[in-house]
Amino acid sequence: MTSMESTTESRLCQQCGNAIEEGRCQNQPPTEAKYCLKCRSERRRRANLKYVWLPEHDDYLRAHYYGGLNRRFQVLNRMIRETRLPRWYIKKRAARLGLTMHQDRRPWTRAEEEIIERLLGKVSALTIARRLTRTESSVVLKIKRMGLSYRVRNGYTMGELKECLGEDHHKVERWIANGWLRDRLQGTRRHDGNGRDIHRFREADILEFLRRHPEEINLGKVDSIWFLDLVLLKGREIGDETATRRVDESEEAA
């Protein structure tokens with residue numbers, strides 16, 4: 001019984017536990033295989049695979065592959081760096097998972113174009129898309145077809161304000177945390193590398209901060225042209241004030 005049991009166990013597949021089929025090849029004696037025919041073919045198929053896709057890759061796509069074109073581009077780049085898989089392979093897998101963007105084929109109306117022209121430069125493309133109940137990608141493409149830029153120019157970003165004041169973002173964030181400088185969030189979903197929204201600073205809020213906390217500003221670091229332009233209302237009143245002062249001086253002299 002012991003020899004029979006050992007013979008039976010030796011003919012069981014080490015992977016699935018099923019019996020291993022015997023076979024002959026050109027009148028040769030049968031070989032002692034470790035796996036059954038099904039498991040052998042599966043192991044051979046896996047060995048010949050050029051790309052290996054893991055279940056955690058599906059989980060990452062489901063959790064992050066959404067939003068506009070820029071966000072999806074960032075997610076793809078990150079997966080390419082970490083998995084070394086080609087872009088087309090990842091996009092094909094995302095399509096199988098139903099995560100691809102569907103093109104909005106509704107025709108654009110003149111009223112929608114007027115809304116875009118009115119809001120463009122003040123709010124993000126995502127906010128405009130929500131207002132029009134369209135996808136962000138369709139709004140971005142429409143803006144490009146109109147020959148316009150979807151960059152928000154209503155106020156200053158964190159980077160622009162740092163360059164103008166000559167300070168780093170840590171100091172600006174401290175001003176915000178203390179309640180000295182008021183900021184507004186643009187409402188844009190950033191990629192995981194940043195994870196934060198875009199700050200917007202209005203000129204009125206910057207002037208209020210300069211008036212209440214002048215000791216925080218180092219005039220040696222500040223962009224002098226920007227500072228004069230901001231304080232003197234974008235320089236439009238420089239010539240008017242100079243001309244008015246000259247008229248007043250001439251009247252007093254007379």
# chains A, B, ... in the order shown; residues from 1 in each chain; ligands from 1
call {"tool": "residues_around", "arguments": {"residues": "Arg134 (chain A)", "least_positions_apart": "4", "cutoff": "10 Å", "atoms": "only C-alpha atoms", "output": "ChimeraX atom specification"}}
result
/A:103-104,106,126,128-130,138-139
call {"tool": "residues_around", "arguments": {"residues": "region 215-226 of chain A", "least_positions_apart": "2", "cutoff": "9 Å", "atoms": "only C-alpha atoms", "output": "PyMOL selection string"}}
result
chain A and resi 163-167+210+212-213+228-231+234
call {"tool": "write_last_selection", "arguments": {"atoms": "N, CA and C atoms", "output": "short mmCIF file (atom, residue, chain, number, x, y, z; two decimals), in the first residue's frame"}}
result
data_model
loop_
_atom_site.label_atom_id
_atom_site.label_comp_id
_atom_site.auth_asym_id
_atom_site.auth_seq_id
_atom_site.Cartn_x
_atom_site.Cartn_y
_atom_site.Cartn_z
N GLU A 163 7.01 85.36 -6.97
CA GLU A 163 7.96 86.08 -7.80
C GLU A 163 7.84 87.59 -7.60
N CYS A 164 6.61 88.08 -7.45
CA CYS A 164 6.41 89.52 -7.29
C CYS A 164 6.93 90.02 -5.94
N LEU A 165 6.71 89.23 -4.88
CA LEU A 165 7.12 89.66 -3.54
C LEU A 165 8.53 89.21 -3.19
N GLY A 166 9.09 88.29 -3.97
CA GLY A 166 10.44 87.81 -3.68
C GLY A 166 10.52 86.92 -2.47
N GLU A 167 9.44 86.24 -2.11
CA GLU A 167 9.42 85.36 -0.95
C GLU A 167 9.11 83.94 -1.39
N LEU A 210 -0.80 94.51 2.33
CA LEU A 210 0.31 95.45 2.38
C LEU A 210 0.01 96.62 3.31
N ARG A 212 -2.00 96.58 6.02
CA ARG A 212 -2.09 96.18 7.42
C ARG A 212 -0.78 95.59 7.95
N HIS A 213 0.02 95.00 7.09
CA HIS A 213 1.24 94.34 7.56
C HIS A 213 2.43 94.74 6.69
N LEU A 228 5.00 99.25 -8.02
CA LEU A 228 4.49 100.56 -8.40
C LEU A 228 3.22 100.44 -9.23
N ASP A 229 3.19 99.44 -10.10
CA ASP A 229 2.02 99.24 -10.93
C ASP A 229 0.82 98.85 -10.09
N LEU A 230 1.05 98.05 -9.03
CA LEU A 230 -0.05 97.64 -8.15
C LEU A 230 -0.54 98.80 -7.30
N VAL A 231 0.38 99.52 -6.69
CA VAL A 231 0.00 100.62 -5.79
C VAL A 231 -0.64 101.76 -6.56
N LYS A 234 -2.11 99.99 -11.61
CA LYS A 234 -1.60 99.53 -12.90
C LYS A 234 -1.00 100.65 -13.75
#
call {"tool": "residues_around", "arguments": {"residues": "Gly68 (chain A)", "least_positions_apart": "5", "cutoff": "8 Å", "atoms": "only C-alpha atoms", "output": "ChimeraX atom specification"}}
result
/A:135-137
call {"tool": "atom_distance", "arguments": {"atom1": "CA of Arg84 (chain A)", "atom2": "CA of Leu54 (chain A)"}}
result
12.6 Å
